[in-house]
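S.K.: I have a structure I would like to understand better, so I am pasting it below and will then ask my questions one at a time.
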Protein chains: 6
Amino acid sequence: MTHIKIINPNTALAMTASIGRCARAVAARGTVVTAVSPSMGPESIESHYDEALAVPGLLTEIAAGEREGVDGYVIACFGDPGLDAARELATGPVVGIAEAAMHAATLVGRSFSVVTTLSRTAGRAWDLAHRYGFAAACRGVHACDIPVLDLDRDPAARKTVTELCVDAVERDRCDVVVLGCAGMADFAAEVADETGVPVIDGVTAATKLVESLVALGLRTSKRGEYATPPPKRYSGLLSDFTY
Amino acid sequence: MTHIKIINPNTALAMTASIGRCARAVAARGTVVTAVSPSMGPESIESHYDEALAVPGLLTEIAAGEREGVDGYVIACFGDPGLDAARELATGPVVGIAEAAMHAATLVGRSFSVVTTLSRTAGRAWDLAHRYGFAAACRGVHACDIPVLDLDRDPAARKTVTELCVDAVERDRCDVVVLGCAGMADFAAEVADETGVPVIDGVTAATKLVESLVALGLRTSKRGEYATPPPKRYSGLLSDFTY
Amino acid sequence: MTHIKIINPNTALAMTASIGRCARAVAARGTVVTAVSPSMGPESIESHYDEALAVPGLLTEIAAGEREGVDGYVIACFGDPGLDAARELATGPVVGIAEAAMHAATLVGRSFSVVTTLSRTAGRAWDLAHRYGFAAACRGVHACDIPVLDLDRDPAARKTVTELCVDAVERDRCDVVVLGCAGMADFAAEVADETGVPVIDGVTAATKLVESLVALGLRTSKRGEYATPPPKRYSGLLSDFTY
Amino acid sequence: MTHIKIINPNTALAMTASIGRCARAVAARGTVVTAVSPSMGPESIESHYDEALAVPGLLTEIAAGEREGVDGYVIACFGDPGLDAARELATGPVVGIAEAAMHAATLVGRSFSVVTTLSRTAGRAWDLAHRYGFAAACRGVHACDIPVLDLDRDPAARKTVTELCVDAVERDRCDVVVLGCAGMADFAAEVADETGVPVIDGVTAATKLVESLVALGLRTSKRGEYATPPPKRYSGLLSDFTY
Amino acid sequence: MTHIKIINPNTALAMTASIGRCARAVAARGTVVTAVSPSMGPESIESHYDEALAVPGLLTEIAAGEREGVDGYVIACFGDPGLDAARELATGPVVGIAEAAMHAATLVGRSFSVVTTLSRTAGRAWDLAHRYGFAAACRGVHACDIPVLDLDRDPAARKTVTELCVDAVERDRCDVVVLGCAGMADFAAEVADETGVPVIDGVTAATKLVESLVALGLRTSKRGEYATPPPKRYSGLLSDFTY
Amino acid sequence: MTHIKIINPNTALAMTASIGRCARAVAARGTVVTAVSPSMGPESIESHYDEALAVPGLLTEIAAGEREGVDGYVIACFGDPGLDAARELATGPVVGIAEAAMHAATLVGRSFSVVTTLSRTAGRAWDLAHRYGFAAACRGVHACDIPVLDLDRDPAARKTVTELCVDAVERDRCDVVVLGCAGMADFAAEVADETGVPVIDGVTAATKLVESLVALGLRTSKRGEYATPPPKRYSGLLSDFTY
């Protein structure tokens, strides 16, 4: 049995539940998926500020996962917050959903475009494309400018996102669409129908990648950068993070 | 049921059988793995010449796979020969073992080194690292200078390869080792023990990636570059390739 | 006397004859130009599939050229198929027409745009620009979407291509136009008149580059990657390729 | 009067005091320098985990600075933690010490090498060099493997660091040395004497850059990525970060 | 006291005077700014030809500055002509205004666009962005096609430049505007008002950077590339340049 | 008849004569080669200072060439000084010897190393490799630290250079050697014998490239960056450069 823990770094529990459902729909028999939100932090992540402050809660969940014997982790926010720190804590693999989506995209096409929520997050998407090696494959990052929490509240959101994806394929001449928010996970089928190209949701992609790495016996390398952090005293509000 | 066809583009059948065994060992229940060699081409691939001439047989196997209802393909030679052409023919995903190994490596570490067979193939490994976006993550490509077919014939090969991997980790300060030949697949466990870092064999990595893409419902994008090739008359020895 | 063999990797003999004429028009006195098509393979090259299957015939012609004492080779298809493998077989220099055109373009301007045939081949043009080091100089790749064999059959083709070139110069603000198909060789003068910028046809550019390399006494380096391939047994349809 | 607030993101107050002294020594008349540590977080920063958990305290100090009318900020840890989030909160400029040191280095030489504390942080230094555009100028990152808090406790540290710098200049053939830790600030003069090249301490460099940007009337751009974060509810331990 | 010498490499003395005024307006108390034009060379710099021929006069001014005890230099032409040669002659720091503007831009935003004079100089701006490491941050280079000397003669120039800047921010979605000519220095405030983003004039930015480097005790590295030139005999018109 | 003018930008006439001899040895029948030195400037070029001051004389020779009906130009110094400015003045093609050597090197191998004179010029060689797109192909730049004018005076120079080339091939595992100084032109044959790889002298390579471009009817593009410079008044010592 493989235990995958998906951490939605925001505290929007309906979104966390939906993320869990999407992941379970693709997981293999024998894979148990747990989807959680941290007990602290922002209700949605729409800025560097939110992203930075989502990380302490995320790390708490990784540390708990280690005690629970979790085999691998998914970070279910398209900014992949705290990925490096999470890898230091985790024994098994940790994969971010932006990372997973971009990896998957380049396996089924030559190029992709990202459709994301707010314009202000486009820079982060490009940063990640550069970091993971996919800047040349990324043809564009497009924002629908719908706040994260409105994606499932606003009945027009699905249509707006779908139309933006159709437009992106046309303008960027890309082969694949990457959905740039965990909250868009269940738009994938509709967008694929409308665009006629493969559409990647990072939550499901990351779930399968983590499951694969576990099946391959591959864990986060503990040589060098991702070695367990050196013990350290923490103070104040964060004193419980002493490691 | 998912049917994955692994094509070893050379005609060394013992190697093909071993590749099949390695892949089956990691495949999920419900995945059927077929491992084949083409009926034409080189007995091993150690030059651009060999690689180019391995492609017609590979494409014949892809075309046959399409008639057989194959869900996805692995190209089991570290040069990933014929990858683009195979993707044009295939409905499902096609993944090369160098591609798969490099993707997996960057998910469990910040950097990797490749240990390959002949020095003359190092340039090809670098070309692929550049193409897939992993040139910055690739710290080195090292050749053991053992011919492909001697990897399992020569009793000293395993030890030579293992020592070279230990050396590469030390010199390159990399986090992960990538084995640069399908014929090294069953050295992975031993190399991992000796180096203390994750060791990636592309055959198993590619098998899991293809299985994952199929589970995600992702197929090769048919928009643009990987669309089905336009019909064309072929002549002479290759007239059967008329499409 | 210098003997340059131009291999048109498709089997369209009228195109081969035209390629030979263009090359001879620029060759120095003392240079003998032979233009051939292989006896096997696709009638035109418009996909990765076609390109891969053009290579065996091309390599047969290189091998024959070595027996004939050829001094240098041109590969006359804008995808530069089989270039690395051809260099392994050849003693003298081997130059592809995309390679030659891009080299020449950067010697007479700061930037160039490519005008090619089918949209699906644009990715290949970009791949080559990256490989040769000219990605920053390449401002755009534009497709006229006229099939290769219609370039000389369709009376409107010349006008369509010319207008597309004019448009590319305007939109991309480039200094030079590169014609992206051997079948466009005799459009060069007209396109130059209409655009007012240097227009490069790769066939003539490659012919002069090969002639120059031969005059300089420069042959393909046999150290490392382009050394003669190791001997190998080939089987089935390709058994004659045993080296 | 210009008020610059230097935030040492760790809680080692002796180090904070020393940072303040170094900064004041180079500040112009009319510049007031405040050096602080957050009231929460790690006592030193030696991992991605430490770095991520230093950010909440850092952001608290930026928010306080905004209320205090601070003109500009320095983030005094060589990983430049929280830089993007800090820029979202700040009206004035925010500069990290790695960023400042690399900028300064490329103004007085063609290349630089970084000498840092623990080997595990070398990857972060390279990441920053890439992000800021200085990867080509950065010739090497070398670790002395002395923990941050031992830099001023261990009497041999100064000598070890100096020798490593001399060695780096020799091996990397670089023009400039960058000291890769705020705790090395007062080694700069000695290292310059021994190496004969300019030696950059990021704390002083960042102080002067912030002072310069303020004098130029330049503030963090609020168009796009660094606009004030959208208001958001925070919960649990971090509820005070509600913005 | 710090003595900064600003060399306007053209011979337009009104422009030199204006440059001096702009620089003095931002210099710290205790900084003396001298602004000069060479006694030889072009009246304005609008081509590579002009730029190359501005360098001898510039170098004469650097050599004179060394005799005068100048602490640091600004090269006040956006092509940064003669920067490397000037650094060889100078003991103190030498900063070009394109260099300074691009450095400053990336400290207050994630991206910038350049607004310059003639279209033909756009390539030079891009070359400098590449050289300094800011090619990824540079979103566009836009020409107003107003000759340098008309910037202050033509009453419409200010409005044309401002509108082009507004347009560039909109189209390029950049965070910051860089003014691409020393002759635009006093348009900065108006452009900032109209665009709502930070606007960088290289003259003032360079003045503060040089002042900062001097305050930090940083001089041009004399190890390697910027060492004093080896003595050499010069002949003809340039015999006075014998070093 | 094709007239190629080779400009050795230094004033060492023996070197100019030798350059002319080398070029004539490879020129086609029907090509007339003139080799000249300017009437002003440095006796050898070993610094950015020398290089900058070699340009006025070079441009005088280009301007004279235009009056003389020259078809194309070679700039015979490995720093390719004044290349952009020369292209603005010239109607026909202008090629630098570093540029030519690097182009030729990548046509006969996958990688090259440069062997140059003084260490201080290595940075310039790397700059040019970047500019021309060959940074990835350039494996190393090695200095023999023999002054330019000693190359033919010092009887040991030939041996020192040859040994350094042998060493470079071994250490860099490169396929090709590029000689990094016009004064090394007649060492090429010996170095090729000793290293066993193709050895490129830029003077002969550039001569053939220019000859080829002329034969192809290709001239410097006058669209955009290389258009004729706008007329301008020059003053002082350089008043004769008024254009």
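Ligands are numbered from 1 in the order shown, chains are lettered A, B, ... in the order of the structure tokens, and residues start at 1 in each chain.
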Please find the residues of chain B near chain D - the criterion being any atom within 12 Å, counting only C-alpha atoms - and write them as a PyMOL selection string.
M.R.: chain B and resi 109-111+136-137+173-175
S.K.: Selection from above, N, CA and C atoms, as a PDB file, in the first residue's frame, can you write it?
M.R.:
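So again_12.pdb came out as:
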```
ATOM      1  N   GLY B 109      15.996  15.179  -6.911  1.00  0.00           N
ATOM      2  CA  GLY B 109      17.246  15.862  -6.574  1.00  0.00           C
ATOM      3  C   GLY B 109      17.383  17.135  -7.378  1.00  0.00           C
ATOM      4  N   ARG B 110      18.418  17.909  -7.070  1.00  0.00           N
ATOM      5  CA  ARG B 110      18.644  19.163  -7.797  1.00  0.00           C
ATOM      6  C   ARG B 110      19.504  18.956  -9.032  1.00  0.00           C
ATOM      7  N   SER B 111      20.231  17.853  -9.089  1.00  0.00           N
ATOM      8  CA  SER B 111      21.205  17.669 -10.160  1.00  0.00           C
ATOM      9  C   SER B 111      21.455  16.178 -10.339  1.00  0.00           C
ATOM     10  N   ALA B 136      20.899  22.392 -17.287  1.00  0.00           N
ATOM     11  CA  ALA B 136      21.445  22.994 -16.070  1.00  0.00           C
ATOM     12  C   ALA B 136      21.489  21.992 -14.923  1.00  0.00           C
ATOM     13  N   ALA B 137      20.581  21.029 -14.933  1.00  0.00           N
ATOM     14  CA  ALA B 137      20.556  20.016 -13.874  1.00  0.00           C
ATOM     15  C   ALA B 137      21.584  18.911 -14.109  1.00  0.00           C
ATOM     16  N   ARG B 173      29.556  16.317  -7.581  1.00  0.00           N
ATOM     17  CA  ARG B 173      28.729  16.752  -6.454  1.00  0.00           C
ATOM     18  C   ARG B 173      27.244  16.734  -6.835  1.00  0.00           C
ATOM     19  N   CYS B 174      26.846  15.697  -7.530  1.00  0.00           N
ATOM     20  CA  CYS B 174      25.443  15.594  -7.954  1.00  0.00           C
ATOM     21  C   CYS B 174      24.625  14.851  -6.898  1.00  0.00           C
ATOM     22  N   ASP B 175      23.313  14.974  -7.027  1.00  0.00           N
ATOM     23  CA  ASP B 175      22.386  14.364  -6.063  1.00  0.00           C
ATOM     24  C   ASP B 175      21.880  12.999  -6.499  1.00  0.00           C
TER      25      ASP B 175
END
```
S.K.: May I have the residues within 6 Å of Pro198 (chain A) as a PyMOL selection string, using only C-alpha atoms and disregarding those fewer than 2 positions away in the same chain?
M.R.: (chain A and resi 176+192) or (chain B and resi 221)
S.K.: Please save N, CA and C atoms of the selected residues as a compact mmCIF listing (two decimals), in the first residue's frame.
M.R.:
```txt
# COMPACT_ATOMS: atom_id res chain seq x y z
N VAL A 176 -0.37 22.00 -25.89
CA VAL A 176 -0.91 21.49 -24.64
C VAL A 176 -1.31 22.68 -23.78
N ALA A 192 -10.41 20.34 -22.43
CA ALA A 192 -9.86 19.44 -23.46
C ALA A 192 -10.84 19.31 -24.62
N SER B 221 -0.34 15.07 -28.16
CA SER B 221 -1.12 16.14 -28.79
C SER B 221 -1.06 16.01 -30.31
```
S.K.: Is it possible to get the superposed chain A, fitted on chain B over all Cα pairs by sequence order, as a compact mmCIF listing (two decimals) with C-alpha atoms, in the first residue's frame?
M.R.:
```txt
# COMPACT_ATOMS: atom_id res chain seq x y z
CA MET A 1 -6.24 -2.86 -18.64
CA THR A 2 -3.37 -0.77 -19.94
CA HIS A 3 -1.12 -2.14 -22.66
CA ILE A 4 2.40 -0.68 -22.76
CA LYS A 5 4.69 -1.69 -25.57
CA ILE A 6 8.39 -1.31 -24.92
CA ILE A 7 10.49 -1.18 -28.04
CA ASN A 8 14.16 -1.97 -27.62
CA PRO A 9 15.39 -0.48 -30.89
CA ASN A 10 18.28 -2.88 -31.21
CA THR A 11 17.99 -6.55 -32.10
CA ALA A 12 19.72 -8.03 -29.04
CA LEU A 13 16.89 -10.24 -27.83
CA ALA A 14 18.43 -11.15 -24.47
CA MET A 15 18.56 -7.44 -23.67
CA THR A 16 14.96 -7.07 -24.78
CA ALA A 17 13.89 -9.86 -22.46
CA SER A 18 15.75 -8.30 -19.55
CA ILE A 19 14.15 -4.92 -20.30
CA GLY A 20 10.74 -6.55 -20.22
CA ARG A 21 11.44 -8.16 -16.85
CA CYS A 22 12.60 -4.88 -15.31
CA ALA A 23 9.51 -3.07 -16.60
CA ARG A 24 7.09 -5.72 -15.39
CA ALA A 25 8.63 -5.57 -11.93
CA VAL A 26 7.42 -2.00 -11.48
CA ALA A 27 4.21 -1.99 -13.54
CA ALA A 28 0.91 -1.70 -11.71
CA ARG A 29 -1.57 -4.54 -11.58
CA GLY A 30 -3.68 -4.11 -14.66
CA THR A 31 -0.76 -3.05 -16.83
CA VAL A 32 0.38 -5.47 -19.53
CA VAL A 33 3.93 -4.91 -20.72
CA THR A 34 5.14 -6.21 -24.08
CA ALA A 35 8.85 -5.88 -24.86
CA VAL A 36 9.97 -6.29 -28.47
CA SER A 37 12.87 -5.73 -30.81
CA PRO A 38 12.34 -4.72 -34.43
CA SER A 39 12.85 -7.27 -37.17
CA MET A 40 15.48 -5.08 -38.82
CA GLY A 41 18.37 -2.91 -37.78
CA PRO A 42 21.54 -2.90 -35.68
CA GLU A 43 22.31 -5.41 -32.96
CA SER A 44 23.32 -2.59 -30.65
CA ILE A 45 23.30 1.19 -30.85
CA GLU A 46 26.62 2.92 -30.34
CA SER A 47 26.77 5.68 -32.94
CA HIS A 48 24.57 8.17 -34.73
CA TYR A 49 24.69 5.75 -37.66
CA ASP A 50 23.29 2.91 -35.57
CA GLU A 51 20.72 5.20 -34.05
CA ALA A 52 19.48 6.48 -37.40
CA LEU A 53 19.16 2.96 -38.74
CA ALA A 54 17.33 1.73 -35.66
CA VAL A 55 14.45 4.07 -36.42
CA PRO A 56 12.76 2.33 -39.38
CA GLY A 57 12.33 -0.86 -37.34
CA LEU A 58 11.13 1.14 -34.38
CA LEU A 59 8.51 2.89 -36.50
CA THR A 60 7.32 -0.45 -37.84
CA GLU A 61 6.73 -1.55 -34.27
CA ILE A 62 4.84 1.65 -33.45
CA ALA A 63 2.65 1.22 -36.51
CA ALA A 64 1.97 -2.38 -35.48
CA GLY A 65 1.22 -1.21 -31.95
CA GLU A 66 -1.44 1.14 -33.27
CA ARG A 67 -3.17 -1.77 -34.99
CA GLU A 68 -2.89 -3.80 -31.79
CA GLY A 69 -4.53 -1.13 -29.65
CA VAL A 70 -1.45 -0.32 -27.58
CA ASP A 71 -2.06 2.44 -25.03
CA GLY A 72 1.46 3.80 -24.77
CA TYR A 73 5.07 3.20 -25.78
CA VAL A 74 8.54 3.23 -24.34
CA ILE A 75 11.61 3.67 -26.56
CA ALA A 76 14.23 1.68 -24.70
CA CYS A 77 17.51 3.12 -25.95
CA PHE A 78 19.20 5.98 -24.09
CA GLY A 79 19.53 8.06 -27.28
CA ASP A 80 15.72 8.19 -27.53
CA PRO A 81 15.93 7.45 -31.29
CA GLY A 82 12.94 8.27 -33.42
CA LEU A 83 11.01 9.87 -30.59
CA ASP A 84 9.44 12.65 -32.67
CA ALA A 85 8.51 10.36 -35.55
CA ALA A 86 7.07 7.81 -33.15
CA ARG A 87 4.88 10.49 -31.59
CA GLU A 88 3.49 11.35 -35.01
CA LEU A 89 2.38 7.73 -35.50
CA ALA A 90 1.13 7.02 -31.99
CA THR A 91 -2.22 7.93 -30.55
CA GLY A 92 -1.12 7.36 -26.98
CA PRO A 93 1.97 8.70 -25.22
CA VAL A 94 5.51 7.78 -26.26
CA VAL A 95 8.37 8.26 -23.80
CA GLY A 96 12.10 7.71 -24.30
CA ILE A 97 14.21 6.24 -21.52
CA ALA A 98 16.69 9.10 -21.44
CA GLU A 99 13.77 11.49 -21.25
CA ALA A 100 12.10 9.50 -18.49
CA ALA A 101 15.27 9.13 -16.46
CA MET A 102 16.05 12.83 -16.61
CA HIS A 103 12.49 13.79 -15.66
CA ALA A 104 12.56 11.42 -12.70
CA ALA A 105 16.02 12.57 -11.62
CA THR A 106 14.96 16.20 -11.31
CA LEU A 107 11.99 15.18 -9.15
CA VAL A 108 14.17 13.62 -6.46
CA GLY A 109 17.25 15.83 -6.57
CA ARG A 110 18.66 19.15 -7.79
CA SER A 111 21.21 17.65 -10.16
CA PHE A 112 22.21 14.41 -11.78
CA SER A 113 25.10 12.82 -13.63
CA VAL A 114 24.77 10.29 -16.41
CA VAL A 115 26.94 7.20 -16.63
CA THR A 116 26.89 5.82 -20.14
CA THR A 117 28.67 3.25 -22.32
CA LEU A 118 30.96 4.65 -25.03
CA SER A 119 32.54 8.11 -24.88
CA ARG A 120 31.33 8.85 -28.38
CA THR A 121 27.71 8.85 -27.15
CA ALA A 122 28.26 11.53 -24.50
CA GLY A 123 27.40 14.29 -26.97
CA ARG A 124 24.02 12.70 -27.64
CA ALA A 125 23.27 12.57 -23.91
CA TRP A 126 24.06 16.27 -23.61
CA ASP A 127 21.91 17.04 -26.66
CA LEU A 128 18.99 15.31 -25.01
CA ALA A 129 19.57 17.09 -21.70
CA HIS A 130 19.39 20.38 -23.63
CA ARG A 131 16.32 19.38 -25.59
CA TYR A 132 14.35 18.29 -22.54
CA GLY A 133 15.31 21.35 -20.52
CA PHE A 134 17.66 19.62 -18.09
CA ALA A 135 21.05 20.92 -19.23
CA ALA A 136 21.46 22.98 -16.07
CA ALA A 137 20.56 20.00 -13.87
CA CYS A 138 22.97 17.68 -15.68
CA ARG A 139 26.35 17.92 -13.99
CA GLY A 140 28.26 15.43 -16.08
CA VAL A 141 28.16 12.60 -18.58
CA HIS A 142 30.69 9.84 -17.95
CA ALA A 143 31.55 6.90 -20.18
CA CYS A 144 32.67 3.49 -18.93
CA ASP A 145 33.73 2.60 -22.48
CA ILE A 146 32.23 -0.87 -22.26
CA PRO A 147 30.35 -1.81 -25.45
CA VAL A 148 26.59 -2.24 -24.96
CA LEU A 149 26.55 -5.96 -25.58
CA ASP A 150 29.40 -6.55 -23.12
CA LEU A 151 27.44 -5.07 -20.25
CA ASP A 152 25.92 -8.44 -19.41
CA ARG A 153 28.61 -10.60 -20.96
CA ASP A 154 31.59 -9.11 -19.19
CA PRO A 155 31.54 -10.10 -15.50
CA ALA A 156 33.62 -7.03 -14.58
CA ALA A 157 31.16 -4.60 -16.17
CA ARG A 158 28.93 -4.24 -13.14
CA LYS A 159 31.86 -3.33 -10.93
CA THR A 160 33.34 -0.90 -13.46
CA VAL A 161 30.02 0.89 -13.88
CA THR A 162 29.42 1.03 -10.15
CA GLU A 163 32.83 2.52 -9.47
CA LEU A 164 32.35 5.09 -12.20
CA CYS A 165 29.05 6.11 -10.61
CA VAL A 166 30.65 6.51 -7.19
CA ASP A 167 33.33 8.61 -8.79
CA ALA A 168 30.81 10.75 -10.69
CA VAL A 169 28.87 11.57 -7.52
CA GLU A 170 32.07 12.61 -5.81
CA ARG A 171 33.49 14.71 -8.66
CA ASP A 172 30.27 16.29 -9.91
CA ARG A 173 28.72 16.75 -6.45
CA CYS A 174 25.45 15.60 -7.96
CA ASP A 175 22.40 14.35 -6.06
CA VAL A 176 21.26 11.59 -8.39
CA VAL A 177 22.75 9.10 -10.85
CA VAL A 178 21.14 8.32 -14.21
CA LEU A 179 22.13 5.05 -15.86
CA GLY A 180 22.73 5.84 -19.51
CA CYS A 181 21.91 2.53 -21.19
CA ALA A 182 18.96 0.16 -21.16
CA GLY A 183 21.51 -2.59 -20.68
CA MET A 184 22.39 -1.23 -17.22
CA ALA A 185 18.83 -1.58 -15.90
CA ASP A 186 19.60 -4.29 -13.41
CA PHE A 187 22.68 -2.53 -12.01
CA ALA A 188 20.49 0.12 -10.37
CA ALA A 189 20.10 -1.41 -6.94
CA GLU A 190 23.79 -2.08 -6.54
CA VAL A 191 24.78 1.38 -7.71
CA ALA A 192 22.29 2.92 -5.29
CA ASP A 193 23.82 0.96 -2.43
CA GLU A 194 27.33 2.02 -3.31
CA THR A 195 26.66 5.69 -4.05
CA GLY A 196 24.03 6.38 -1.42
CA VAL A 197 22.00 8.47 -3.85
CA PRO A 198 18.89 7.69 -5.92
CA VAL A 199 19.81 5.84 -9.10
CA ILE A 200 17.50 6.04 -12.08
CA ASP A 201 17.09 3.38 -14.71
CA GLY A 202 15.22 4.84 -17.64
CA VAL A 203 13.37 1.67 -18.57
CA THR A 204 11.45 1.43 -15.33
CA ALA A 205 11.05 5.21 -15.09
CA ALA A 206 9.58 5.37 -18.59
CA THR A 207 7.24 2.49 -17.92
CA LYS A 208 5.76 4.27 -14.91
CA LEU A 209 5.54 7.60 -16.76
CA VAL A 210 3.67 6.04 -19.66
CA GLU A 211 1.39 4.19 -17.28
CA SER A 212 0.71 7.47 -15.47
CA LEU A 213 -0.03 9.41 -18.64
CA VAL A 214 -2.45 6.71 -19.74
CA ALA A 215 -4.16 6.76 -16.33
CA LEU A 216 -4.47 10.55 -16.66
CA GLY A 217 -6.11 10.18 -20.06
CA LEU A 218 -3.26 12.09 -21.68
CA ARG A 219 -2.30 11.24 -25.25
CA THR A 220 0.19 12.76 -27.64
CA SER A 221 -1.12 16.12 -28.78
CA LYS A 222 -2.23 15.97 -32.38
CA ARG A 223 -2.24 19.74 -32.79
CA GLY A 224 0.71 20.80 -34.89
CA GLU A 225 4.05 19.07 -34.80
CA TYR A 226 2.88 15.60 -33.75
CA ALA A 227 -0.15 15.37 -36.04
CA THR A 228 -0.38 12.21 -38.13
CA PRO A 229 2.13 12.50 -41.02
CA PRO A 230 0.69 13.52 -44.39
CA PRO A 231 0.29 10.51 -46.73
CA LYS A 232 3.32 9.97 -48.91
CA ARG A 233 4.69 7.53 -51.44
CA TYR A 234 7.85 5.68 -50.42
CA SER A 235 10.09 3.86 -52.87
CA GLY A 236 12.78 1.20 -53.05
CA LEU A 237 13.73 -0.83 -50.03
CA LEU A 238 11.45 1.34 -47.90
CA SER A 239 8.34 1.18 -50.08
CA ASP A 240 6.41 -0.56 -47.31
CA PHE A 241 6.66 2.60 -45.24
CA THR A 242 4.24 4.39 -47.58
CA TYR A 243 1.81 6.03 -45.22
```
S.K.: If you run DSSP on this backbone, which residues of region 9-195 of chain C come out as strand (DSSP E), and could you give them as a ChimeraX atom specification?
M.R.: /C:31-36,41-42,72-75,94-96,112-116,138-143,176-179
